[in-house]
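Visitor: This is the content of data26.pdb (PDB, C-alpha atoms):
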```pdb
MODEL        1
ATOM      1  CA  MET D   1       0.000   0.000   0.000
ATOM      2  CA  ASN D   2       1.233   3.473  -0.867
ATOM      3  CA  GLN D   3       1.757   5.406   2.396
ATOM      4  CA  ILE D   4      -0.693   8.080   1.210
ATOM      5  CA  GLU D   5      -3.548   5.593   0.718
ATOM      6  CA  LYS D   6      -4.100   5.279   4.463
ATOM      7  CA  TYR D   7      -5.173   8.938   4.493
ATOM      8  CA  ILE D   8      -7.775   8.538   1.741
ATOM      9  CA  ARG D   9     -11.287   7.523   2.725
ATOM     10  CA  SER D  10     -13.174   5.222   0.344
ATOM     11  CA  ILE D  11     -16.931   5.769   0.334
ATOM     12  CA  PRO D  12     -18.955   3.038  -1.381
ATOM     13  CA  ASP D  13     -22.052   3.870  -3.434
ATOM     14  CA  PHE D  14     -21.293   7.599  -3.747
ATOM     15  CA  PRO D  15     -22.388   9.562  -5.728
ATOM     16  CA  LYS D  16     -24.374   6.573  -6.988
ATOM     17  CA  LYS D  17     -24.636   2.853  -6.352
ATOM     18  CA  GLY D  18     -21.637   0.871  -7.539
ATOM     19  CA  ILE D  19     -19.154   3.769  -7.375
ATOM     20  CA  ILE D  20     -16.357   3.953  -4.786
ATOM     21  CA  TYR D  21     -15.631   7.624  -4.089
ATOM     22  CA  ARG D  22     -12.028   8.409  -3.117
ATOM     23  CA  ASP D  23     -12.314  11.206  -0.570
ATOM     24  CA  ILE D  24      -9.162  13.293  -0.103
ATOM     25  CA  THR D  25     -10.605  15.516   2.646
ATOM     26  CA  THR D  26      -9.272  13.028   5.182
ATOM     27  CA  LEU D  27      -5.777  13.480   3.718
ATOM     28  CA  LEU D  28      -6.078  17.276   3.693
ATOM     29  CA  LYS D  29      -7.175  17.506   7.328
ATOM     30  CA  ASP D  30      -4.127  15.547   8.463
ATOM     31  CA  ALA D  31      -0.987  17.713   8.435
ATOM     32  CA  ASN D  32       1.285  14.702   7.969
ATOM     33  CA  GLY D  33      -0.831  13.252   5.155
ATOM     34  CA  PHE D  34      -0.973  16.568   3.320
ATOM     35  CA  HIS D  35       2.771  17.036   3.749
ATOM     36  CA  ILE D  36       3.499  13.539   2.409
ATOM     37  CA  ALA D  37       1.231  14.130  -0.612
ATOM     38  CA  VAL D  38       2.812  17.472  -1.571
ATOM     39  CA  ASN D  39       6.279  15.942  -1.163
ATOM     40  CA  ALA D  40       5.276  13.008  -3.379
ATOM     41  CA  TYR D  41       4.248  15.381  -6.177
ATOM     42  CA  GLN D  42       7.514  17.291  -5.786
ATOM     43  CA  GLU D  43       9.546  14.103  -5.894
ATOM     44  CA  ILE D  44       7.985  13.210  -9.264
ATOM     45  CA  LEU D  45       8.621  16.733 -10.556
ATOM     46  CA  LYS D  46      12.391  16.468  -9.938
ATOM     47  CA  LYS D  47      12.813  14.798 -13.326
ATOM     48  CA  TYR D  48      11.043  17.584 -15.250
ATOM     49  CA  ASP D  49      12.272  20.983 -16.385
ATOM     50  CA  PHE D  50       9.368  23.440 -16.189
ATOM     51  CA  ASP D  51       8.536  27.093 -15.661
ATOM     52  CA  LEU D  52       5.106  27.047 -14.096
ATOM     53  CA  VAL D  53       2.456  24.926 -12.435
ATOM     54  CA  LEU D  54      -1.141  24.910 -13.671
ATOM     55  CA  GLY D  55      -3.711  23.882 -11.087
ATOM     56  CA  LEU D  56      -7.212  22.831 -12.116
ATOM     57  CA  GLU D  57     -10.202  24.128 -10.172
ATOM     58  CA  SER D  58     -10.524  23.428  -7.433
ATOM     59  CA  ARG D  59      -8.492  20.631  -5.896
ATOM     60  CA  GLY D  60      -5.625  21.252  -8.302
ATOM     61  CA  PHE D  61      -5.275  24.595  -6.512
ATOM     62  CA  ILE D  62      -4.855  22.800  -3.182
ATOM     63  CA  PHE D  63      -1.839  20.831  -4.414
ATOM     64  CA  GLY D  64      -0.533  23.086  -7.182
ATOM     65  CA  ALA D  65      -0.097  26.255  -5.123
ATOM     66  CA  PRO D  66       2.154  24.777  -2.399
ATOM     67  CA  ILE D  67       4.153  22.874  -5.022
ATOM     68  CA  ALA D  68       4.727  26.071  -7.016
ATOM     69  CA  TYR D  69       5.637  27.961  -3.841
ATOM     70  CA  ASN D  70       8.053  25.290  -2.598
ATOM     71  CA  LEU D  71       9.775  25.000  -5.993
ATOM     72  CA  ASN D  72       9.837  28.760  -6.624
ATOM     73  CA  LYS D  73       7.665  28.433  -9.751
ATOM     74  CA  ALA D  74       4.740  30.488 -10.981
ATOM     75  CA  PHE D  75       1.213  29.199 -10.381
ATOM     76  CA  VAL D  76      -1.648  29.554 -12.880
ATOM     77  CA  PRO D  77      -5.249  28.685 -11.969
ATOM     78  CA  VAL D  78      -7.462  27.038 -14.579
ATOM     79  CA  ARG D  79     -11.061  27.880 -13.717
ATOM     80  CA  LYS D  80     -14.613  27.085 -14.654
ATOM     81  CA  LYS D  81     -15.878  29.504 -17.289
ATOM     82  CA  GLY D  82     -16.952  32.892 -15.963
ATOM     83  CA  LYS D  83     -14.731  32.944 -12.859
ATOM     84  CA  LEU D  84     -11.716  34.916 -14.116
ATOM     85  CA  PRO D  85     -11.849  38.723 -14.274
ATOM     86  CA  SER D  86      -9.605  39.581 -17.223
ATOM     87  CA  GLU D  87      -9.461  38.501 -20.883
ATOM     88  CA  THR D  88      -9.642  34.716 -21.156
ATOM     89  CA  ILE D  89      -9.620  31.826 -23.582
ATOM     90  CA  TYR D  90     -11.772  28.791 -22.948
ATOM     91  CA  GLU D  91     -12.147  25.203 -24.022
ATOM     92  CA  GLU D  92     -15.254  23.054 -23.957
ATOM     93  CA  TYR D  93     -15.133  19.389 -22.944
ATOM     94  CA  GLU D  94     -17.532  16.484 -22.560
ATOM     95  CA  LEU D  95     -19.099  15.437 -19.297
ATOM     96  CA  GLU D  96     -21.072  12.286 -18.610
ATOM     97  CA  TYR D  97     -24.243  14.246 -19.401
ATOM     98  CA  GLY D  98     -23.518  17.364 -21.434
ATOM     99  CA  THR D  99     -20.526  19.681 -21.673
ATOM    100  CA  ALA D 100     -18.586  22.132 -19.535
ATOM    101  CA  GLN D 101     -16.028  24.845 -20.157
ATOM    102  CA  ILE D 102     -12.775  25.829 -18.506
ATOM    103  CA  GLU D 103     -10.750  28.956 -19.021
ATOM    104  CA  MET D 104      -7.554  30.769 -18.217
ATOM    105  CA  HIS D 105      -6.274  34.296 -18.702
ATOM    106  CA  THR D 106      -4.793  35.037 -22.126
ATOM    107  CA  ASP D 107      -1.644  36.376 -20.461
ATOM    108  CA  ALA D 108      -1.187  33.374 -18.134
ATOM    109  CA  ILE D 109       1.423  31.638 -20.286
ATOM    110  CA  LYS D 110       4.133  33.089 -22.489
ATOM    111  CA  LYS D 111       5.067  31.393 -25.742
ATOM    112  CA  GLY D 112       7.520  28.573 -25.094
ATOM    113  CA  GLN D 113       6.937  28.324 -21.350
ATOM    114  CA  LYS D 114       7.102  24.779 -20.017
ATOM    115  CA  VAL D 115       4.083  23.792 -17.965
ATOM    116  CA  VAL D 116       3.159  20.977 -15.591
ATOM    117  CA  ILE D 117      -0.534  20.367 -14.982
ATOM    118  CA  VAL D 118      -1.478  19.330 -11.448
ATOM    119  CA  ASP D 119      -4.797  17.946 -10.254
ATOM    120  CA  ASP D 120      -5.963  15.619  -7.516
ATOM    121  CA  LEU D 121      -7.536  12.960  -9.726
ATOM    122  CA  ILE D 122      -7.665  11.683 -13.281
ATOM    123  CA  ALA D 123     -10.684   9.674 -14.367
ATOM    124  CA  THR D 124     -11.861  10.163 -17.968
ATOM    125  CA  GLY D 125      -9.317  12.934 -18.574
ATOM    126  CA  GLY D 126     -11.664  15.410 -20.255
ATOM    127  CA  THR D 127     -10.817  18.403 -18.080
ATOM    128  CA  VAL D 128      -7.081  17.852 -18.350
ATOM    129  CA  GLU D 129      -7.255  17.256 -22.096
ATOM    130  CA  ALA D 130      -9.080  20.593 -22.442
ATOM    131  CA  THR D 131      -6.400  22.220 -20.279
ATOM    132  CA  THR D 132      -3.621  20.931 -22.549
ATOM    133  CA  LYS D 133      -5.419  22.574 -25.485
ATOM    134  CA  LEU D 134      -5.544  25.900 -23.630
ATOM    135  CA  VAL D 135      -1.828  25.709 -22.855
ATOM    136  CA  GLU D 136      -0.995  25.006 -26.482
ATOM    137  CA  LYS D 137      -3.293  27.763 -27.784
ATOM    138  CA  LEU D 138      -1.225  30.212 -25.747
ATOM    139  CA  GLY D 139       2.064  28.769 -27.056
ATOM    140  CA  GLY D 140       3.000  26.862 -23.924
ATOM    141  CA  VAL D 141       4.511  23.385 -23.825
ATOM    142  CA  VAL D 142       2.941  20.702 -21.616
ATOM    143  CA  VAL D 143       5.820  18.908 -19.929
ATOM    144  CA  ALA D 144       3.750  16.532 -17.749
ATOM    145  CA  CYS D 145       0.341  15.934 -16.169
ATOM    146  CA  ILE D 146       0.544  14.827 -12.540
ATOM    147  CA  PHE D 147      -2.199  13.492 -10.278
ATOM    148  CA  LEU D 148      -2.540  12.237  -6.732
ATOM    149  CA  ILE D 149      -5.068   9.574  -7.785
ATOM    150  CA  GLU D 150      -5.678   7.761 -11.056
ATOM    151  CA  LEU D 151      -8.827   5.735 -11.638
ATOM    152  CA  GLU D 152      -7.482   3.200 -14.100
ATOM    153  CA  GLY D 153      -9.645   1.961 -16.913
ATOM    154  CA  LEU D 154     -11.668   5.161 -17.431
ATOM    155  CA  GLY D 155      -9.565   6.294 -20.399
ATOM    156  CA  GLY D 156      -7.914   9.352 -18.895
ATOM    157  CA  ARG D 157      -4.362   8.229 -19.539
ATOM    158  CA  GLU D 158      -5.270   7.354 -23.138
ATOM    159  CA  LYS D 159      -6.657  10.869 -23.764
ATOM    160  CA  LEU D 160      -3.331  12.292 -22.620
ATOM    161  CA  LYS D 161      -1.042   9.862 -24.443
ATOM    162  CA  ARG D 162       0.887  12.743 -26.066
ATOM    163  CA  TYR D 163       2.199  13.767 -22.635
ATOM    164  CA  PRO D 164       3.929  12.124 -19.688
ATOM    165  CA  VAL D 165       1.227  11.193 -17.175
ATOM    166  CA  GLU D 166       2.168  10.487 -13.570
ATOM    167  CA  SER D 167      -0.039   9.386 -10.697
ATOM    168  CA  ILE D 168       0.924   8.744  -7.103
ATOM    169  CA  ILE D 169      -1.885   6.253  -6.375
ATOM    170  CA  ARG D 170      -3.770   4.069  -8.848
ATOM    171  CA  TYR D 171      -7.079   2.404  -8.193
ATOM    172  CA  LYS D 172      -8.386  -0.362 -10.420
ATOM    173  CA  GLU D 173     -11.859  -0.330  -8.882
ATOM    174  CA  PHE D 174     -13.962   2.795  -8.821
TER     175      PHE D 174
ENDMDL
END
```
Show this structure as structure tokens.
Guide:
Amino acid sequence: MNQIEKYIRSIPDFPKKGIIYRDITTLLKDANGFHIAVNAYQEILKKYDFDLVLGLESRGFIFGAPIAYNLNKAFVPVRKKGKLPSETIYEEYELEYGTAQIEMHTDAIKKGQKVVIVDDLIATGGTVEATTKLVEKLGGVVVACIFLIELEGLGGREKLKRYPVESIIRYKEF
């Protein structure tokens, strides 16, 4: 067992019957667990050369901001459409039922900047795939996509096959 797994609560039949929800709030409320998780991300990032960290709303902010701070890198939030105050670009992506949009400021990334994308979980990969498109529209280079949890078998890794994908914990059942 990965040492971080003991901090993650598994909730059966949430949000619907047959699903096992991986709850990270139990990790976040434990100082040691949170510390171990942030350090695990940073350990993976040692092998990458990058300029800034992109964190996806909202749990990507929780991990991305301290990682950026600790590594003296810039942090860029990727938000749900309508949440950023200045000029933005957006990308639409598919949800289980319908679509959603994410956005970032047009001045968030300079051409040629190397970016790592951080989030808490990868499942189907739609949000992260849309984020990679935003980065590339602005001329950035996606160096890696890094997650605390990967739900294997939902196709997320396949959607991101053009990029290195790293996950700290992998679950086969979900």
Visitor: Which residue, D:Val78, D:Ala144, D:Leu160, D:Val165, has the smallest gap to Leu54 of chain D when you use only C-alpha atoms?
Guide: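 Among the listed residues, the smallest separation from Leu54 of chain D belongs to D:Val78.
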Visitor: Which residues come within 8 Å of segment 4-16 of chain D, counting all atoms listed in the file, excluding same-chain residues fewer than 5 positions away, as a PyMOL selection string?
Guide: chain D and resi 21-27+30+33+36-37+169
Visitor: Applying the PyMOL selection byres ((chain D and resi 84-87) around 12) to the file I just gave you, which residues come out? Please list them as a VMD selection string.
Guide: chain D and resid 57 76 to 83 88 to 90 102 to 108
Visitor: Skip Gln113 of chain D itself and residues of its chain fewer than 4 positions away, then list as a ChimeraX atom specification all residues within 8 Å of it, counting all atoms listed in the file.
Guide: /D:50-52,109,139-141
Visitor: Please produce an output containing C-alpha atoms for each residue in the selection, written as a compact mmCIF listing (two decimals), keeping the file's coordinate frame.
Guide:
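Everything below was put into result-v6.txt:
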```
# COMPACT_ATOMS: atom_id res chain seq x y z
CA PHE D 50 9.37 23.44 -16.19
CA ASP D 51 8.54 27.09 -15.66
CA LEU D 52 5.11 27.05 -14.10
CA ILE D 109 1.42 31.64 -20.29
CA GLY D 139 2.06 28.77 -27.06
CA GLY D 140 3.00 26.86 -23.92
CA VAL D 141 4.51 23.38 -23.82
```
Visitor: Pick from D:Tyr171, D:Tyr93, D:Phe75, D:Phe147: nearest to Gly126 of chain D, with all atoms listed in the file counted?
Guide: D:Tyr93
Visitor: Please measure the separation of atom CA of Ser58 of chain D and atom CA of Asp120 of chain D, giving the value in Å to one decimal.
Guide: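 One can read the atom CA of Ser58 of chain D to atom CA of Asp120 of chain D distance as 9.0 Å.
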Visitor: Interatomic distance between atom CA of Lys159 of chain D and atom CA of Pro66 of chain D?
Guide: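 So the two atoms, atom CA of Lys159 of chain D and atom CA of Pro66 of chain D, lie 27.0 Å apart.
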Visitor: Could you tell me which of D:Tyr48, D:Val128, D:Gln3, D:Val135 comes closest to Phe34 of chain D if we count only C-alpha atoms?
Guide: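 Of all the options, D:Gln3 lies closest to Phe34 of chain D.
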Visitor: Which residues, written as a list of chain:residue names, have at least one atom at most 10 Å from Glu173 of chain D, with all atoms listed in the file counted and residues fewer than 6 positions away on the same chain left out?
Guide: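 Once the adjacent positions are removed, what remains is D:Gly18, D:Ile19, D:Ile20, D:Leu151, D:Glu152, D:Gly153.
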Visitor: Quick one: of D:Glu150, D:Ser167, D:Ile62, D:Gly112, who's nearest to Lys137 of chain D, counting only C-alpha atoms?
Guide: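 Once distances to Lys137 of chain D are computed over only C-alpha atoms, the minimum belongs to D:Gly112.
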Visitor: Find the residue from D:Ile146, D:Ile67, D:Leu95, D:Glu43 that sits nearest to Ile117 of chain D; use all atoms listed in the file when measuring.
Guide: D:Ile146
Visitor: Could I see segment 120-139 of chain D restored to N, CA, C and O atoms, set down as an mmCIF file, in the coordinates of the input?
Guide:
```
data_model
loop_
_atom_site.group_PDB
_atom_site.id
_atom_site.type_symbol
_atom_site.label_atom_id
_atom_site.label_comp_id
_atom_site.auth_asym_id
_atom_site.auth_seq_id
_atom_site.Cartn_x
_atom_site.Cartn_y
_atom_site.Cartn_z
ATOM 1 N N ASP D 120 -5.896 16.665 -8.526
ATOM 2 C CA ASP D 120 -5.963 15.619 -7.516
ATOM 3 C C ASP D 120 -6.276 14.257 -8.110
ATOM 4 O O ASP D 120 -5.842 13.250 -7.599
ATOM 5 N N LEU D 121 -7.033 14.237 -9.231
ATOM 6 C CA LEU D 121 -7.536 12.960 -9.726
ATOM 7 C C LEU D 121 -7.697 12.982 -11.241
ATOM 8 O O LEU D 121 -8.106 13.988 -11.805
ATOM 9 N N ILE D 122 -7.363 11.870 -11.871
ATOM 10 C CA ILE D 122 -7.665 11.683 -13.281
ATOM 11 C C ILE D 122 -8.601 10.493 -13.410
ATOM 12 O O ILE D 122 -8.332 9.412 -12.883
ATOM 13 N N ALA D 123 -9.703 10.728 -14.083
ATOM 14 C CA ALA D 123 -10.684 9.674 -14.367
ATOM 15 C C ALA D 123 -10.783 9.537 -15.889
ATOM 16 O O ALA D 123 -9.977 8.851 -16.495
ATOM 17 N N THR D 124 -11.712 10.242 -16.503
ATOM 18 C CA THR D 124 -11.861 10.163 -17.968
ATOM 19 C C THR D 124 -10.892 11.086 -18.696
ATOM 20 O O THR D 124 -10.681 10.933 -19.893
ATOM 21 N N GLY D 125 -10.337 12.070 -17.996
ATOM 22 C CA GLY D 125 -9.317 12.934 -18.574
ATOM 23 C C GLY D 125 -9.815 14.123 -19.376
ATOM 24 O O GLY D 125 -9.016 14.873 -19.930
ATOM 25 N N GLY D 126 -11.116 14.333 -19.438
ATOM 26 C CA GLY D 126 -11.664 15.410 -20.255
ATOM 27 C C GLY D 126 -11.224 16.794 -19.846
ATOM 28 O O GLY D 126 -10.871 17.626 -20.692
ATOM 29 N N THR D 127 -11.213 17.075 -18.562
ATOM 30 C CA THR D 127 -10.817 18.403 -18.080
ATOM 31 C C THR D 127 -9.345 18.667 -18.371
ATOM 32 O O THR D 127 -8.973 19.744 -18.817
ATOM 33 N N VAL D 128 -8.515 17.670 -18.134
ATOM 34 C CA VAL D 128 -7.081 17.852 -18.350
ATOM 35 C C VAL D 128 -6.776 17.953 -19.843
ATOM 36 O O VAL D 128 -5.937 18.763 -20.250
ATOM 37 N N GLU D 129 -7.450 17.166 -20.647
ATOM 38 C CA GLU D 129 -7.255 17.256 -22.096
ATOM 39 C C GLU D 129 -7.606 18.673 -22.578
ATOM 40 O O GLU D 129 -6.872 19.272 -23.372
ATOM 41 N N ALA D 130 -8.698 19.225 -22.083
ATOM 42 C CA ALA D 130 -9.080 20.593 -22.442
ATOM 43 C C ALA D 130 -8.021 21.584 -21.967
ATOM 44 O O ALA D 130 -7.697 22.551 -22.676
ATOM 45 N N THR D 131 -7.447 21.346 -20.805
ATOM 46 C CA THR D 131 -6.400 22.220 -20.279
ATOM 47 C C THR D 131 -5.164 22.187 -21.169
ATOM 48 O O THR D 131 -4.552 23.232 -21.424
ATOM 49 N N THR D 132 -4.789 21.016 -21.652
ATOM 50 C CA THR D 132 -3.621 20.931 -22.549
ATOM 51 C C THR D 132 -3.868 21.764 -23.805
ATOM 52 O O THR D 132 -2.945 22.403 -24.320
ATOM 53 N N LYS D 133 -5.088 21.772 -24.295
ATOM 54 C CA LYS D 133 -5.419 22.574 -25.485
ATOM 55 C C LYS D 133 -5.285 24.066 -25.200
ATOM 56 O O LYS D 133 -4.796 24.825 -26.049
ATOM 57 N N LEU D 134 -5.697 24.500 -24.011
ATOM 58 C CA LEU D 134 -5.544 25.900 -23.630
ATOM 59 C C LEU D 134 -4.061 26.290 -23.579
ATOM 60 O O LEU D 134 -3.668 27.349 -24.079
ATOM 61 N N VAL D 135 -3.262 25.447 -22.962
ATOM 62 C CA VAL D 135 -1.828 25.709 -22.855
ATOM 63 C C VAL D 135 -1.228 25.887 -24.249
ATOM 64 O O VAL D 135 -0.488 26.847 -24.516
ATOM 65 N N GLU D 136 -1.565 24.970 -25.141
ATOM 66 C CA GLU D 136 -0.995 25.006 -26.482
ATOM 67 C C GLU D 136 -1.519 26.178 -27.306
ATOM 68 O O GLU D 136 -0.781 26.744 -28.109
ATOM 69 N N LYS D 137 -2.765 26.578 -27.093
ATOM 70 C CA LYS D 137 -3.293 27.763 -27.784
ATOM 71 C C LYS D 137 -2.488 29.010 -27.429
ATOM 72 O O LYS D 137 -2.338 29.907 -28.243
ATOM 73 N N LEU D 138 -2.001 29.065 -26.197
ATOM 74 C CA LEU D 138 -1.225 30.212 -25.747
ATOM 75 C C LEU D 138 0.273 30.069 -26.046
ATOM 76 O O LEU D 138 1.060 30.945 -25.696
ATOM 77 N N GLY D 139 0.663 28.970 -26.686
ATOM 78 C CA GLY D 139 2.064 28.769 -27.056
ATOM 79 C C GLY D 139 2.907 28.083 -26.013
ATOM 80 O O GLY D 139 4.125 27.984 -26.151
#
```
